[in-house]
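Coordinates from query-v9.pdb are shown below (PDB, C-alpha atoms, pLDDT in the B column).
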```pdb
ATOM      1  CA  MET A  19    -117.940   5.588 -88.730  1.00 56.00           C
ATOM      2  CA  ARG A  20    -119.701   8.859 -87.975  1.00 56.00           C
ATOM      3  CA  LYS A  21    -120.761   7.555 -84.575  1.00 56.00           C
ATOM      4  CA  THR A  22    -117.175   6.549 -83.803  1.00 54.00           C
ATOM      5  CA  MET A  23    -115.913   9.961 -84.887  1.00 50.00           C
ATOM      6  CA  MET A  24    -118.444  11.754 -82.686  1.00 48.00           C
ATOM      7  CA  MET A  25    -117.507   9.549 -79.737  1.00 49.00           C
ATOM      8  CA  ALA A  26    -113.809  10.378 -80.264  1.00 46.00           C
ATOM      9  CA  VAL A  27    -114.536  14.114 -80.341  1.00 44.00           C
ATOM     10  CA  PHE A  28    -116.651  13.779 -77.194  1.00 46.00           C
ATOM     11  CA  MET A  29    -113.901  11.856 -75.377  1.00 48.00           C
ATOM     12  CA  MET A  30    -111.281  14.428 -76.381  1.00 48.00           C
ATOM     13  CA  GLY A  31    -113.517  17.101 -74.895  1.00 49.00           C
ATOM     14  CA  LEU A  32    -113.612  15.196 -71.622  1.00 47.00           C
ATOM     15  CA  ALA A  33    -109.846  14.889 -71.608  1.00 45.00           C
ATOM     16  CA  ALA A  34    -109.314  18.632 -72.055  1.00 41.00           C
ATOM     17  CA  PRO A  35    -107.932  20.248 -68.922  1.00 42.00           C
ATOM     18  CA  VAL A  36    -110.385  22.216 -66.832  1.00 47.00           C
ATOM     19  CA  ALA A  37    -109.247  25.690 -65.873  1.00 57.00           C
ATOM     20  CA  ALA A  38    -108.757  25.694 -62.128  1.00 79.00           C
ATOM     21  CA  ASN A  39    -109.580  28.686 -59.986  1.00 89.00           C
ATOM     22  CA  PRO A  40    -106.680  30.308 -58.155  1.00 93.00           C
ATOM     23  CA  PRO A  41    -106.570  29.716 -54.396  1.00 92.00           C
ATOM     24  CA  LEU A  42    -109.097  31.918 -52.599  1.00 92.00           C
ATOM     25  CA  ARG A  43    -106.227  33.692 -50.827  1.00 93.00           C
ATOM     26  CA  ASP A  44    -105.178  34.993 -54.251  1.00 94.00           C
ATOM     27  CA  VAL A  45    -108.588  36.521 -54.994  1.00 94.00           C
ATOM     28  CA  GLN A  46    -108.038  39.986 -53.559  1.00 95.00           C
ATOM     29  CA  GLN A  47    -111.705  40.891 -53.065  1.00 94.00           C
ATOM     30  CA  ILE A  48    -112.280  37.687 -51.076  1.00 93.00           C
ATOM     31  CA  ASP A  49    -109.029  37.942 -49.117  1.00 94.00           C
ATOM     32  CA  ASP A  50    -109.612  41.587 -48.214  1.00 95.00           C
ATOM     33  CA  ALA A  51    -113.172  40.853 -47.095  1.00 94.00           C
ATOM     34  CA  LEU A  52    -112.017  37.964 -44.901  1.00 93.00           C
ATOM     35  CA  TYR A  53    -109.370  40.246 -43.446  1.00 95.00           C
ATOM     36  CA  THR A  54    -112.094  42.784 -42.625  1.00 96.00           C
ATOM     37  CA  VAL A  55    -114.226  40.205 -40.822  1.00 94.00           C
ATOM     38  CA  GLY A  56    -111.230  38.694 -39.053  1.00 93.00           C
ATOM     39  CA  LEU A  57    -109.916  42.002 -37.760  1.00 96.00           C
ATOM     40  CA  ALA A  58    -113.369  43.091 -36.612  1.00 96.00           C
ATOM     41  CA  ASN A  59    -113.645  39.791 -34.739  1.00 94.00           C
ATOM     42  CA  GLU A  60    -110.222  40.265 -33.108  1.00 95.00           C
ATOM     43  CA  ILE A  61    -111.157  43.787 -32.041  1.00 97.00           C
ATOM     44  CA  ARG A  62    -114.418  42.687 -30.417  1.00 96.00           C
ATOM     45  CA  ARG A  63    -112.681  39.755 -28.696  1.00 95.00           C
ATOM     46  CA  LYS A  64    -109.817  41.835 -27.308  1.00 96.00           C
ATOM     47  CA  CYS A  65    -111.639  45.042 -26.442  1.00 97.00           C
ATOM     48  CA  PRO A  66    -114.352  44.671 -23.790  1.00 96.00           C
ATOM     49  CA  ASP A  67    -115.881  48.032 -24.758  1.00 95.00           C
ATOM     50  CA  ILE A  68    -116.625  46.987 -28.336  1.00 97.00           C
ATOM     51  CA  SER A  69    -119.025  44.329 -29.534  1.00 96.00           C
ATOM     52  CA  ALA A  70    -119.934  42.895 -32.894  1.00 95.00           C
ATOM     53  CA  ARG A  71    -122.941  43.652 -34.992  1.00 95.00           C
ATOM     54  CA  PHE A  72    -123.531  39.914 -35.366  1.00 91.00           C
ATOM     55  CA  PHE A  73    -126.411  40.021 -37.841  1.00 94.00           C
ATOM     56  CA  LYS A  74    -124.490  42.426 -40.038  1.00 94.00           C
ATOM     57  CA  ALA A  75    -121.373  40.226 -39.812  1.00 92.00           C
ATOM     58  CA  ILE A  76    -123.338  37.089 -40.682  1.00 93.00           C
ATOM     59  CA  SER A  77    -124.919  38.853 -43.640  1.00 94.00           C
ATOM     60  CA  TYR A  78    -121.478  40.082 -44.751  1.00 93.00           C
ATOM     61  CA  LEU A  79    -120.055  36.542 -44.570  1.00 92.00           C
ATOM     62  CA  ARG A  80    -122.989  35.031 -46.457  1.00 94.00           C
ATOM     63  CA  ALA A  81    -122.593  37.602 -49.224  1.00 94.00           C
ATOM     64  CA  LEU A  82    -118.901  36.781 -49.346  1.00 94.00           C
ATOM     65  CA  GLU A  83    -119.630  33.057 -49.645  1.00 95.00           C
ATOM     66  CA  ASP A  84    -122.129  33.795 -52.425  1.00 96.00           C
ATOM     67  CA  GLN A  85    -119.498  35.845 -54.205  1.00 95.00           C
ATOM     68  CA  ALA A  86    -116.996  32.977 -53.976  1.00 96.00           C
ATOM     69  CA  ARG A  87    -119.612  30.555 -55.360  1.00 95.00           C
ATOM     70  CA  GLU A  88    -120.306  32.931 -58.256  1.00 96.00           C
ATOM     71  CA  LEU A  89    -116.585  32.912 -59.004  1.00 95.00           C
ATOM     72  CA  GLY A  90    -116.794  29.127 -59.354  1.00 95.00           C
ATOM     73  CA  TYR A  91    -115.575  27.903 -55.961  1.00 95.00           C
ATOM     74  CA  SER A  92    -117.235  24.848 -54.445  1.00 94.00           C
ATOM     75  CA  GLU A  93    -118.684  24.637 -50.953  1.00 93.00           C
ATOM     76  CA  ALA A  94    -115.767  22.368 -49.994  1.00 94.00           C
ATOM     77  CA  GLU A  95    -113.189  24.890 -51.260  1.00 94.00           C
ATOM     78  CA  ILE A  96    -114.873  27.747 -49.418  1.00 93.00           C
ATOM     79  CA  LYS A  97    -115.183  25.766 -46.188  1.00 93.00           C
ATOM     80  CA  ALA A  98    -111.576  24.567 -46.368  1.00 94.00           C
ATOM     81  CA  HIS A  99    -110.359  28.133 -46.841  1.00 94.00           C
ATOM     82  CA  LEU A 100    -112.480  29.536 -44.014  1.00 91.00           C
ATOM     83  CA  GLU A 101    -111.340  26.814 -41.604  1.00 93.00           C
ATOM     84  CA  SER A 102    -107.666  26.861 -42.607  1.00 94.00           C
ATOM     85  CA  ASP A 103    -105.386  27.540 -39.646  1.00 95.00           C
ATOM     86  CA  THR A 104    -102.674  28.607 -42.093  1.00 96.00           C
ATOM     87  CA  GLU A 105    -104.943  31.262 -43.612  1.00 94.00           C
ATOM     88  CA  LYS A 106    -106.093  32.478 -40.195  1.00 93.00           C
ATOM     89  CA  LYS A 107    -102.466  32.807 -39.107  1.00 95.00           C
ATOM     90  CA  ARG A 108    -101.573  34.675 -42.310  1.00 95.00           C
ATOM     91  CA  LEU A 109    -104.440  37.157 -41.855  1.00 93.00           C
ATOM     92  CA  ARG A 110    -103.534  37.691 -38.180  1.00 93.00           C
ATOM     93  CA  ALA A 111     -99.957  38.463 -39.229  1.00 95.00           C
ATOM     94  CA  ARG A 112    -101.281  40.941 -41.796  1.00 95.00           C
ATOM     95  CA  ALA A 113    -103.380  42.605 -39.084  1.00 94.00           C
ATOM     96  CA  ALA A 114    -100.385  42.779 -36.734  1.00 94.00           C
ATOM     97  CA  ASP A 115     -98.254  44.381 -39.449  1.00 95.00           C
ATOM     98  CA  GLU A 116    -100.928  46.913 -40.359  1.00 93.00           C
ATOM     99  CA  MET A 117    -101.658  47.763 -36.721  1.00 94.00           C
ATOM    100  CA  LYS A 118     -97.965  48.324 -36.054  1.00 95.00           C
ATOM    101  CA  ALA A 119     -97.603  50.482 -39.179  1.00 95.00           C
ATOM    102  CA  ALA A 120    -100.576  52.586 -38.036  1.00 94.00           C
ATOM    103  CA  GLY A 121     -99.123  53.007 -34.535  1.00 96.00           C
ATOM    104  CA  TYR A 122    -101.436  50.643 -32.647  1.00 96.00           C
ATOM    105  CA  LYS A 123    -100.070  48.111 -30.169  1.00 96.00           C
ATOM    106  CA  GLN A 124    -101.463  44.606 -30.076  1.00 94.00           C
ATOM    107  CA  ASN A 125    -102.908  44.893 -26.609  1.00 96.00           C
ATOM    108  CA  LYS A 126    -106.282  45.773 -25.131  1.00 96.00           C
ATOM    109  CA  GLN A 127    -105.722  49.518 -25.486  1.00 97.00           C
ATOM    110  CA  GLY A 128    -104.483  49.176 -29.066  1.00 97.00           C
ATOM    111  CA  TYR A 129    -107.442  47.069 -30.183  1.00 97.00           C
ATOM    112  CA  CYS A 130    -109.893  49.412 -28.440  1.00 97.00           C
ATOM    113  CA  ALA A 131    -108.304  52.484 -30.048  1.00 97.00           C
ATOM    114  CA  LEU A 132    -108.308  50.830 -33.465  1.00 97.00           C
ATOM    115  CA  GLY A 133    -111.921  49.711 -33.057  1.00 97.00           C
ATOM    116  CA  ARG A 134    -113.072  53.182 -32.045  1.00 97.00           C
ATOM    117  CA  ALA A 135    -111.181  54.722 -34.973  1.00 97.00           C
ATOM    118  CA  GLU A 136    -112.732  52.251 -37.431  1.00 97.00           C
ATOM    119  CA  ILE A 137    -116.219  52.921 -36.032  1.00 97.00           C
ATOM    120  CA  ALA A 138    -115.682  56.695 -36.238  1.00 97.00           C
ATOM    121  CA  GLN A 139    -114.435  56.416 -39.833  1.00 97.00           C
ATOM    122  CA  LYS A 140    -117.449  54.272 -40.715  1.00 96.00           C
ATOM    123  CA  SER A 141    -115.101  51.854 -42.445  1.00 96.00           C
ATOM    124  CA  GLU A 142    -116.072  48.313 -43.451  1.00 95.00           C
ATOM    125  CA  ILE A 143    -114.452  47.065 -40.244  1.00 96.00           C
ATOM    126  CA  GLY A 144    -116.212  49.752 -38.200  1.00 97.00           C
ATOM    127  CA  ALA A 145    -119.571  48.853 -39.741  1.00 96.00           C
ATOM    128  CA  LEU A 146    -119.253  45.385 -38.190  1.00 97.00           C
ATOM    129  CA  LEU A 147    -118.644  46.819 -34.700  1.00 97.00           C
ATOM    130  CA  ARG A 148    -120.306  49.021 -32.090  1.00 96.00           C
ATOM    131  CA  VAL A 149    -119.235  50.566 -28.818  1.00 95.00           C
ATOM    132  CA  SER A 150    -121.007  48.611 -26.113  1.00 88.00           C
ATOM    133  CA  ARG A 151    -120.121  50.715 -23.061  1.00 70.00           C
TER     134      ARG A 151
END
```
Is it possible to express this structure as structure tokens?
Amino acid sequence: MRKTMMMAVFMMGLAAPVAANPPLRDVQQIDDALYTVGLANEIRRKCPDISARFFKAISYLRALEDQARELGYSEAEIKAHLESDTEKKRLRARAADEMKAAGYKQNKQGYCALGRAEIAQKSEIGALLRVSR
């Protein structure tokens, strides 16, 4: 009887719902960090005078992945989020909105001006970039 009772308690424990993590897009510290990396990447791609600090960017991304793992996200969840075209599009739209609000156009000159400003301010975005010319 005791063995049966223990088995029932064990099975009820297995049936209890597991608390799911919110989508990574809803974890502000992760979302903001991905925005930082994404905008720095857009700046270096669209401005020929600015290049990336690749080792620093890789280190930043690895630390971000570690942070997501510590929050309980699996490798598959992290990879799916990083490769999501929907999330990339959403972050690009956020960048476009913020650039427009700050008075920068989404053209070569706008990205170069933004990149130089971020570098001069020594912001998180600027720390991932350097003037190459």
*Interatomic distance between atom CA of Ala38 of chain A and atom CA of Glu95 of chain A?*
11.8 Å
*asked:* Take the PyMOL selection byres ((chain A and resi 135) around 12), run it mentally on this structure, and tell me the resulting residues as number ranges by chain.
replied: A: 58, 61, 68, 117, 120, 122, 128-134, 136-145, 147-149
*asked:* Report, in Å with one decimal, the straight-line distance from atom CA of Lys118 of chain A to atom CA of Pro66 of chain A.
replied: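 We find that atom CA of Lys118 of chain A and atom CA of Pro66 of chain A lie 20.8 Å from each other.
Between atom CA of Leu82 of chain A and atom CA of Ser150 of chain A lies a distance of 26.2 Å.
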*asked:* Using all atoms listed in the file for the distances, tell me which of A:Ala51, A:Leu42, A:Leu57, A:Leu89 is nearest to Ala111 of chain A.
replied: A:Leu57
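If all atoms listed in the file are the atoms counted, then among A:Glu88, A:Glu116, A:Asp67, A:Glu105 the closest residue to Leu52 of chain A is A:Glu105.
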*When distances are computed from only C-alpha atoms, which of A:Ala86, A:Ala75, A:Ala70, A:Ala94 shows the smallest separation from Gln46 of chain A?*
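Of A:Ala86, A:Ala75, A:Ala70, A:Ala94, the one nearest Gln46 of chain A, counting only C-alpha atoms, is A:Ala86.
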*Option closest in space to Asp84 of chain A, from A:Gln124, A:Ile48, A:Pro41, A:Ala114 [counting only C-alpha atoms]*: A:Ile48
*Between A:Leu146, A:Arg71, A:Lys107, A:Ala98, single out the one closest to Val55 of chain A, counting all atoms listed in the file.*
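Of A:Leu146, A:Arg71, A:Lys107, A:Ala98, the one nearest Val55 of chain A, counting all atoms listed in the file, is A:Leu146.
Closest approach to Leu100 of chain A among A:Lys126, A:Lys64, A:Leu79, A:Phe73 is made by A:Leu79 (distances from only C-alpha atoms).
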